[in-house]
Structure formats: structure tokens, C-alpha cells
$ cat protein_33.cif   # mmCIF, C-alpha atoms
data_target
#
loop_
_atom_site.label_atom_id
_atom_site.label_comp_id
_atom_site.auth_asym_id
_atom_site.auth_seq_id
_atom_site.Cartn_x
_atom_site.Cartn_y
_atom_site.Cartn_z
CA MET A 248 120.49 30.78 137.04
CA THR A 249 122.11 33.95 138.29
CA ALA A 250 124.82 34.07 140.92
CA SER A 251 122.40 35.60 143.45
CA SER A 252 119.90 32.75 143.21
CA PHE A 253 122.72 30.20 143.26
CA ILE A 254 123.96 31.70 146.54
CA PHE A 255 120.41 31.55 147.91
CA TYR A 256 120.05 27.84 147.11
CA VAL A 257 123.44 27.05 148.64
CA LEU A 258 122.47 28.95 151.80
CA ALA A 259 119.08 27.24 151.95
CA ALA A 260 120.64 23.78 151.62
CA PHE A 261 123.19 24.67 154.31
CA ILE A 262 120.51 25.95 156.73
CA LEU A 263 118.15 23.01 156.23
CA GLY A 264 120.89 20.37 156.25
CA SER A 265 122.51 21.55 159.46
CA GLY A 266 119.09 22.15 161.04
CA LEU A 267 118.08 18.58 160.23
CA LEU A 268 121.33 17.27 161.70
CA ALA A 269 120.79 19.44 164.81
CA VAL A 270 117.47 17.74 165.57
CA THR A 271 118.53 14.19 164.65
CA SER A 272 122.13 13.88 165.89
CA ARG A 273 122.39 11.61 168.90
CA LYS A 274 125.47 13.27 170.33
CA LEU A 275 124.33 16.29 172.27
CA PHE A 276 127.42 18.43 171.75
CA ARG A 277 127.39 17.79 168.00
CA ALA A 278 123.73 18.78 167.87
CA ALA A 279 124.65 22.12 169.46
CA ILE A 280 127.42 22.68 166.89
CA TYR A 281 125.01 21.87 164.02
CA LEU A 282 122.58 24.38 165.50
CA LEU A 283 125.41 26.92 165.48
CA PHE A 284 126.02 26.31 161.75
CA SER A 285 122.32 26.62 161.02
CA LEU A 286 122.16 29.99 162.81
CA ILE A 287 125.24 31.22 160.93
CA GLY A 288 123.54 30.20 157.67
CA ILE A 289 120.49 32.23 158.65
CA ALA A 290 122.76 35.23 159.32
CA GLY A 291 124.18 34.66 155.81
CA LEU A 292 120.62 34.74 154.46
CA TYR A 293 120.12 38.15 156.10
CA PHE A 294 123.36 39.33 154.48
CA TRP A 295 122.02 38.00 151.17
CA MET A 296 118.88 40.12 151.65
CA ASN A 297 121.04 43.23 152.35
CA TYR A 298 119.89 43.46 155.99
CA GLU A 299 123.37 43.73 157.46
CA PHE A 300 122.28 45.09 160.82
CA ILE A 301 119.93 42.17 161.48
CA ALA A 302 122.66 39.74 160.39
CA ALA A 303 125.08 41.33 162.86
CA VAL A 304 122.50 41.14 165.67
CA GLN A 305 121.81 37.51 164.75
CA ILE A 306 125.49 36.62 164.99
CA VAL A 307 126.09 38.56 168.22
CA VAL A 308 123.00 37.39 170.12
CA TYR A 309 122.38 33.88 168.79
CA VAL A 310 125.83 32.62 167.89
CA GLY A 311 127.70 34.55 170.57
CA GLY A 312 125.10 34.34 173.30
CA ILE A 313 122.47 31.63 173.12
CA VAL A 314 124.58 28.84 171.60
CA VAL A 315 127.37 29.50 174.10
CA LEU A 316 124.77 29.34 176.89
CA ILE A 317 123.46 26.02 175.53
CA ILE A 318 126.99 24.59 175.33
CA PHE A 319 127.64 25.68 178.93
CA SER A 320 124.52 23.91 180.12
CA ILE A 321 125.51 20.77 178.17
CA PHE A 322 128.88 20.78 179.93
CA LEU A 323 127.18 21.28 183.32
CA THR A 324 124.76 18.39 182.88
CA HIS A 325 126.34 15.77 180.58
CA HIS A 326 129.47 13.80 179.96
CA VAL A 327 131.06 14.99 176.73
CA GLY A 328 130.58 12.49 173.93
CA ALA A 329 127.84 10.54 175.68
CA GLU A 330 125.21 9.34 173.23
CA MET A 331 121.53 9.88 173.83
CA GLU A 332 119.35 6.82 173.67
CA GLN A 333 117.43 6.13 170.50
CA PRO A 334 113.97 7.69 170.66
CA ASN A 335 110.89 5.54 170.44
CA ARG A 336 110.38 4.29 166.84
CA LEU A 337 106.61 4.81 166.91
CA ARG A 338 106.98 8.35 168.23
CA MET A 339 109.62 9.15 165.58
CA GLY A 340 107.37 7.85 162.82
CA PHE A 341 104.35 9.80 163.94
CA ALA A 342 106.37 12.99 164.50
CA ALA A 343 107.92 12.72 161.03
CA LEU A 344 104.48 12.08 159.51
CA ALA A 345 102.90 15.04 161.32
CA ALA A 346 105.74 17.40 160.40
CA PHE A 347 105.81 16.25 156.77
CA LEU A 348 102.03 16.48 156.24
CA SER A 349 101.89 19.94 157.83
CA PHE A 350 104.79 21.02 155.63
CA VAL A 351 103.02 19.78 152.51
CA PHE A 352 99.84 21.60 153.52
CA CYS A 353 101.67 24.89 154.18
CA ALA A 354 103.70 24.54 150.97
CA LEU A 355 100.50 24.06 148.95
CA VAL A 356 98.98 27.17 150.53
CA ILE A 357 102.14 29.19 149.81
CA SER A 358 102.48 27.99 146.23
CA LYS A 359 98.82 28.85 145.51
CA ASN A 360 99.32 32.39 146.82
CA GLU A 361 100.52 35.16 144.52
CA PHE A 362 101.95 38.14 146.38
CA ALA A 363 101.47 41.56 144.82
CA ILE A 364 105.07 42.74 144.81
CA PRO A 365 105.00 46.56 144.84
CA ASP A 366 107.02 48.22 142.13
CA GLN A 367 109.35 50.44 144.10
CA ALA A 368 113.03 51.07 144.36
CA PRO A 369 114.59 49.29 147.36
CA VAL A 370 115.30 51.63 150.25
CA PRO A 371 118.65 50.87 151.91
CA LEU A 372 118.38 49.87 155.55
CA THR A 373 120.67 52.22 157.42
CA VAL A 374 121.32 52.05 161.13
CA ASP A 375 120.36 55.69 161.70
CA ARG A 376 116.88 55.02 160.29
CA ILE A 377 116.48 52.09 162.69
CA GLY A 378 117.71 54.13 165.66
CA MET A 379 115.59 57.19 164.86
CA GLN A 380 112.39 55.20 164.48
CA MET A 381 113.01 52.88 167.42
CA LEU A 382 113.45 55.73 169.91
CA SER A 383 110.89 58.07 168.37
CA LEU A 384 107.86 59.23 170.37
CA THR A 385 105.75 59.96 167.28
CA GLU A 386 103.09 57.76 165.76
CA HIS A 387 105.24 54.97 164.29
CA GLY A 388 107.88 55.04 166.98
CA TYR A 389 108.80 51.94 168.94
CA ILE A 390 109.86 53.52 172.24
CA LEU A 391 107.18 51.73 174.32
CA PRO A 392 108.06 48.17 173.17
CA PHE A 393 111.72 49.10 173.62
CA GLU A 394 111.14 50.00 177.27
CA VAL A 395 108.93 46.94 177.83
CA VAL A 396 111.64 44.67 176.41
CA SER A 397 114.24 46.28 178.66
CA MET A 398 112.02 45.57 181.68
CA LEU A 399 111.55 41.99 180.43
CA LEU A 400 115.31 41.49 180.15
CA LEU A 401 115.82 42.86 183.68
CA ALA A 402 113.09 40.55 185.02
CA ALA A 403 114.61 37.57 183.18
CA MET A 404 118.05 38.34 184.59
CA ILE A 405 116.81 38.55 188.19
CA GLY A 406 114.62 35.49 187.65
CA CYS A 407 117.56 33.44 186.35
CA ILE A 408 119.69 34.37 189.36
CA VAL A 409 116.89 33.46 191.79
CA ILE A 410 116.04 30.16 190.04
CA ALA A 411 119.61 28.91 189.64
CA MET A 412 120.79 30.13 193.07
CA LYS A 413 121.92 27.45 195.48
CA LEU A 414 120.45 28.13 198.88
CA PRO A 415 122.90 27.56 201.76
CA GLU A 416 122.17 24.52 203.88
CA LYS A 417 120.42 25.38 207.11
CA THR A 418 122.68 24.53 210.07
CA SER A 419 120.21 23.98 212.84
CA MET B 195 115.28 31.28 137.90
CA GLU B 196 114.81 34.36 140.01
CA VAL B 197 114.40 33.92 143.76
CA THR B 198 110.98 35.21 144.78
CA LEU B 199 109.26 35.70 148.13
CA ASN B 200 107.68 32.25 147.83
CA HIS B 201 111.10 30.55 147.77
CA ILE B 202 112.07 32.19 151.07
CA LEU B 203 108.70 31.22 152.55
CA PHE B 204 109.32 27.59 151.51
CA LEU B 205 112.70 27.73 153.26
CA SER B 206 111.27 29.13 156.49
CA THR B 207 108.36 26.64 156.43
CA ALA B 208 110.77 23.73 156.03
CA LEU B 209 112.91 25.05 158.89
CA PHE B 210 109.81 25.46 161.08
CA PHE B 211 108.72 21.87 160.59
CA ILE B 212 112.24 20.57 161.14
CA GLY B 213 111.99 22.32 164.51
CA VAL B 214 108.57 20.78 165.14
CA TYR B 215 109.94 17.32 164.35
CA GLY B 216 112.82 17.86 166.76
CA PHE B 217 110.50 19.11 169.47
CA LEU B 218 108.25 16.06 169.13
CA THR B 219 110.97 13.40 169.03
CA ARG B 220 113.55 14.64 171.53
CA ARG B 221 113.13 13.74 175.18
CA ASN B 222 116.04 15.85 176.44
CA VAL B 223 115.24 19.37 177.63
CA ILE B 224 118.34 20.97 176.08
CA THR B 225 117.64 19.54 172.62
CA MET B 226 113.98 20.61 172.91
CA LEU B 227 115.23 24.13 173.65
CA MET B 228 117.40 23.94 170.52
CA ALA B 229 114.34 22.95 168.47
CA ILE B 230 112.49 25.99 169.84
CA GLU B 231 115.37 28.22 168.72
CA LEU B 232 114.95 26.84 165.18
CA LEU B 233 111.23 27.66 165.29
CA LEU B 234 111.89 31.25 166.40
CA ASN B 235 114.50 31.67 163.66
CA SER B 236 112.11 30.54 160.95
CA VAL B 237 109.63 33.18 162.16
CA ASN B 238 112.40 35.81 161.98
CA ILE B 239 113.17 34.84 158.38
CA ASN B 240 109.50 35.34 157.51
CA PHE B 241 109.40 38.81 159.07
CA ILE B 242 112.55 39.93 157.26
CA ALA B 243 111.42 38.48 153.92
CA PHE B 244 108.02 40.18 154.06
CA ASN B 245 109.66 43.44 155.08
CA LYS B 246 112.11 43.28 152.17
CA TYR B 247 109.78 42.19 149.39
CA LEU B 248 106.45 43.81 150.29
CA TYR B 249 107.19 46.84 152.50
CA ALA B 250 110.73 47.90 151.61
CA ASP B 251 110.09 51.51 152.63
CA LYS B 252 108.99 50.59 156.17
CA LEU B 253 110.92 49.12 159.09
CA ASP B 254 108.26 47.27 161.10
CA GLY B 255 109.49 43.78 160.18
CA VAL B 256 112.97 44.76 161.30
CA PHE B 257 111.68 45.90 164.69
CA PHE B 258 109.62 42.76 165.19
CA THR B 259 112.73 40.69 164.42
CA LEU B 260 114.88 42.70 166.85
CA PHE B 261 112.33 42.33 169.66
CA LEU B 262 111.92 38.62 168.90
CA ILE B 263 115.67 38.11 169.17
CA ALA B 264 115.70 39.92 172.54
CA ILE B 265 112.78 37.82 173.82
CA ALA B 266 114.41 34.61 172.56
CA ALA B 267 117.57 35.49 174.50
CA ALA B 268 115.55 36.08 177.69
CA GLU B 269 113.64 32.83 177.14
CA ALA B 270 116.81 30.80 176.58
CA SER B 271 118.49 32.15 179.72
CA VAL B 272 115.45 31.44 181.92
CA ALA B 273 115.11 27.97 180.38
CA ILE B 274 118.74 27.16 181.14
CA ALA B 275 118.37 28.35 184.75
CA ILE B 276 115.38 26.01 185.08
CA ILE B 277 117.35 23.15 183.44
CA ILE B 278 120.19 23.58 185.94
CA ASN B 279 117.71 23.56 188.81
CA ILE B 280 116.00 20.41 187.47
CA TYR B 281 119.36 18.69 187.09
CA ARG B 282 120.25 19.56 190.67
CA ASN B 283 117.02 18.01 191.97
CA TYR B 284 116.62 14.96 189.70
CA ARG B 285 120.20 14.24 188.42
CA SER B 286 118.68 14.03 184.93
CA ILE B 287 117.23 16.41 182.34
CA ASP B 288 115.07 13.87 180.54
CA VAL B 289 111.46 15.06 180.47
CA ASP B 290 110.21 11.55 181.26
CA ASP B 291 112.13 11.50 184.55
CA VAL B 292 110.62 14.72 185.86
CA ASP B 293 107.24 13.44 186.97
CA SER B 294 106.74 14.55 190.58
CA LEU B 295 103.49 16.33 189.73
CA LYS B 296 102.07 13.27 187.95
CA TRP B 297 99.45 11.39 189.92
#
$ encode --input "protein_33.cif" --output "C-alpha cells"
Amino acid sequence: MTASSFIFYVLAAFILGSGLLAVTSRKLFRAAIYLLFSLIGIAGLYFWMNYEFIAAVQIVVYVGGIVVLIIFSIFLTHHVGAEMEQPNRLRMGFAALAAFLSFVFCALVISKNEFAIPDQAPVPLTVDRIGMQMLSLTEHGYILPFEVVSMLLLAAMIGCIVIAMKLPEKTS
Amino acid sequence: MEVTLNHILFLSTALFFIGVYGFLTRRNVITMLMAIELLLNSVNINFIAFNKYLYADKLDGVFFTLFLIAIAAAEASVAIAIIINIYRNYRSIDVDDVDSLKW
């Protein structure tokens, strides 16, 4: 076993272990911290695949943005350290059965499939390639989705403000 | 043993179904949102793995991942605004307590 594959298995165990704890922990704040570790492990997987830019975006947006947002909302709505009640046994059993059987099915399909790996030298992913193609107007450019996503983010921002705004009490 | 594309696909499939399990068992809106984040991340791993192993000279998987991350951020912020509004109206964020539209 080479060092590279050893690092991959360690990362995979870290991601799956903390992901499993994030969905089973009964303390809400701890579940958020386990989710944070799982996302950092996924960023490590991107580093392992030599996609440093995606790993940086993953850390900045997920770890620095979404998890912090989730922790804020936990603090706004819960007492710290309060335990959630045990979910229904029957529902837990059926959910575990459904997830496990679907996993086995998908794993069988994947293990049957042989991908034709093309024999080519790896092209390094540089940030200037990403920037040039993302803002290019030619055939394989991504300028239109880029603009659509910027409109979506603006709409989401205004929508969040309107939804979470507290209307002043009418004094009449 | 060399790590192949299939190993990474096994990892992302396992992460996806961990997220599905969490989404089905949790009754708290915040933890359901966390399960959805796990699902989106497993999809991102798939995009990056296919881009690296099958189409290393192209960048389309990278762009799909970047746009997915942006959409996930928008989705999480809207979801948290809705959660805060629900908490203000019901004093609870359990999905079983929010049943005003049930007949």
C-alpha cells in the first residue's frame, strides 16, 4: 500500500465517521461540530486530488460560511447542551434499512462498472485556466451560468432579509 | 492497492446514504438541513472525481462544483431565515409541531 492510498483511506474513514456522528449525535451543537469535521475532511480529499482551488472554496464557503450560519441558528433557537429526544425506533430501523439496501444496490452497480480511464498526462488545474474559461464568451465559456448564479445569490439575500424581518407592531 | 475511481465513488455513495439516513430519522429542521449539506457534498465529490480521472484536460466538473457550492450557500441561508421565522411563530423547530396546514 502506497502512502497516497493510505492517506486516502484515512481521509475516507475520517469523512464517513464524522458524517455518521453528525447524523446520529443527540446533542445538536455536537452534531454541527461533527459536520464541520466531515466538511474539512472533504476539503482534504480535494487537496489529495490536487484540486487546491476547490479545496480552498470548500473551506471558505462551507466551513467559514454555512457551518457558522448553522451554529448561529442553533444558538438562536436552542439551549446549549440540550439533548434531542430519541427518534422513533421503528422509523430509525426502516430508515437504516432503506439507506443500507440502497447503498448495497449502488455499490453493486459501481463495482460491476469498469471505467475506461484515458491514458493522458494530468493537466494541472491552475486558477488562471478556471478564470479564463468561466468568464469566456466563446463556446465552452461559463459566463451565462455565472451571471445567473449572481442573480440567484442577490435574490436569496433579499429573500432572507424579507423572510426573517420582524415587522413592527401596528399601533392602532 | 492503488486508489481508483471506483473507490472514490464508494466513498461518495456511502456519504450520500449517511445523509439520507439522517434526513429520514431526524425530526429537527436544523439537523435535516445538515443532512442535506452532506448529500450536496457527496455530489461534489463525484463531480471532482469524474473530472480528475476521466476528463483531466477539461474543467466542466470544476465549474459544476463551484456553482453547486454557490447554490448550496444560497439554499442554506434561505433555509435558516425560514427556520428563524418558524421558531418565532411556533416556539419550536420540530417538523411534527409545524402542522397548521394539516387538515
$ interface_residues --input "protein_33.cif" --of "chain B" --to "chain A" --cutoff "6 Å" --atoms "only C-alpha atoms" --output "ChimeraX atom specification"
/B:195,197,211,215-216,218-219,248,250-251,268,272,275,279
$ resolve_selection --input "protein_33.cif" --expression "the PyMOL selection byres ((chain B and resi 244) around 12)" --output "compact mmCIF listing (two decimals) with C-alpha atoms, keeping the file's coordinate frame"
# COMPACT_ATOMS: atom_id res chain seq x y z
CA MET A 296 118.88 40.12 151.65
CA PHE A 362 101.95 38.14 146.38
CA ALA A 363 101.47 41.56 144.82
CA ILE A 364 105.07 42.74 144.81
CA PRO A 365 105.00 46.56 144.84
CA THR B 198 110.98 35.21 144.78
CA LEU B 199 109.26 35.70 148.13
CA ASN B 200 107.68 32.25 147.83
CA HIS B 201 111.10 30.55 147.77
CA ILE B 202 112.07 32.19 151.07
CA LEU B 203 108.70 31.22 152.55
CA SER B 206 111.27 29.13 156.49
CA VAL B 237 109.63 33.18 162.16
CA ASN B 238 112.40 35.81 161.98
CA ILE B 239 113.17 34.84 158.38
CA ASN B 240 109.50 35.34 157.51
CA PHE B 241 109.40 38.81 159.07
CA ILE B 242 112.55 39.93 157.26
CA ALA B 243 111.42 38.48 153.92
CA ASN B 245 109.66 43.44 155.08
CA LYS B 246 112.11 43.28 152.17
CA TYR B 247 109.78 42.19 149.39
CA LEU B 248 106.45 43.81 150.29
CA TYR B 249 107.19 46.84 152.50
CA ALA B 250 110.73 47.90 151.61
CA ASP B 251 110.09 51.51 152.63
CA LYS B 252 108.99 50.59 156.17
CA LEU B 253 110.92 49.12 159.09
CA ASP B 254 108.26 47.27 161.10
CA GLY B 255 109.49 43.78 160.18
CA VAL B 256 112.97 44.76 161.30
CA PHE B 258 109.62 42.76 165.19
CA THR B 259 112.73 40.69 164.42
$ atom_distance --input "protein_33.cif" --atom1 "CA of Ala266 in chain B" --atom2 "CA of Met379 in chain A"
23.9 Å
$ atom_distance --input "protein_33.cif" --atom1 "CA of Ser236 in chain B" --atom2 "CA of Ile280 in chain A"
18.2 Å
$ atom_distance --input "protein_33.cif" --atom1 "CA of Ile280 in chain B" --atom2 "CA of Leu232 in chain B"
23.2 Å
$ resolve_selection --input "protein_33.cif" --expression "the PyMOL selection byres ((chain B and resi 221) around 7)" --output "JSON, numbers by chain"
{"B": [219, 220, 222, 223, 288, 289]}
$ closest_residue --input "protein_33.cif" --among "A:Leu382, A:Ile287, A:Asp375, A:Val315" --to "Ala302 in chain A" --atoms "only C-alpha atoms"
A:Ile287
$ closest_residue --input "protein_33.cif" --among "A:Gly288, A:Arg277, A:Leu414, A:Ala250" --to "Asn235 in chain B" --atoms "only C-alpha atoms"
A:Gly288
$ closest_residue --input "protein_33.cif" --among "B:Phe217, B:Leu233, B:Trp297, B:Ile276" --to "Ile263 in chain B" --atoms "all atoms listed in the file"
B:Leu233
$ axis_aligned_box --input "protein_33.cif" --around "range 367-378 of chain A" --padding-each-side "6 Å" --output "lines of an AutoDock Vina configuration file"
center_x = 115.3
center_y = 52.5
center_z = 154.9
size_x = 24.0
size_y = 18.4
size_z = 33.6
$ decode --input "protein_33.cif" --residues "range 345-359 of chain A" --atoms "N, CA and C atoms" --output "tab-separated table (two decimals), in the first residue's frame"
chain	number	residue	atom	x	y	z
A	345	ALA	N	-33.55	1.16	4.64
A	345	ALA	CA	-33.65	1.76	3.31
A	345	ALA	C	-32.30	2.28	2.85
A	346	ALA	N	-31.60	3.00	3.74
A	346	ALA	CA	-30.30	3.57	3.36
A	346	ALA	C	-29.31	2.46	3.05
A	347	PHE	N	-29.31	1.39	3.90
A	347	PHE	CA	-28.32	0.32	3.70
A	347	PHE	C	-28.59	-0.43	2.40
A	348	LEU	N	-29.88	-0.76	2.14
A	348	LEU	CA	-30.17	-1.53	0.92
A	348	LEU	C	-29.86	-0.71	-0.32
A	349	SER	N	-30.18	0.60	-0.29
A	349	SER	CA	-29.86	1.43	-1.46
A	349	SER	C	-28.36	1.53	-1.65
A	350	PHE	N	-27.61	1.59	-0.51
A	350	PHE	CA	-26.15	1.64	-0.63
A	350	PHE	C	-25.62	0.36	-1.26
A	351	VAL	N	-26.15	-0.79	-0.82
A	351	VAL	CA	-25.68	-2.05	-1.38
A	351	VAL	C	-25.97	-2.12	-2.87
A	352	PHE	N	-27.16	-1.67	-3.27
A	352	PHE	CA	-27.53	-1.68	-4.68
A	352	PHE	C	-26.56	-0.81	-5.50
A	353	CYS	N	-26.34	0.45	-5.03
A	353	CYS	CA	-25.45	1.35	-5.75
A	353	CYS	C	-24.02	0.81	-5.78
A	354	ALA	N	-23.58	0.21	-4.66
A	354	ALA	CA	-22.21	-0.32	-4.61
A	354	ALA	C	-22.05	-1.47	-5.59
A	355	LEU	N	-23.10	-2.30	-5.73
A	355	LEU	CA	-23.02	-3.39	-6.71
A	355	LEU	C	-22.90	-2.83	-8.12
A	356	VAL	N	-23.72	-1.80	-8.42
A	356	VAL	CA	-23.68	-1.21	-9.76
A	356	VAL	C	-22.30	-0.63	-10.03
A	357	ILE	N	-21.74	0.07	-9.01
A	357	ILE	CA	-20.42	0.69	-9.22
A	357	ILE	C	-19.35	-0.37	-9.41
A	358	SER	N	-19.40	-1.43	-8.58
A	358	SER	CA	-18.32	-2.42	-8.65
A	358	SER	C	-18.40	-3.23	-9.94
A	359	LYS	N	-19.60	-3.34	-10.56
A	359	LYS	CA	-19.71	-4.02	-11.84
A	359	LYS	C	-19.13	-3.18	-12.97
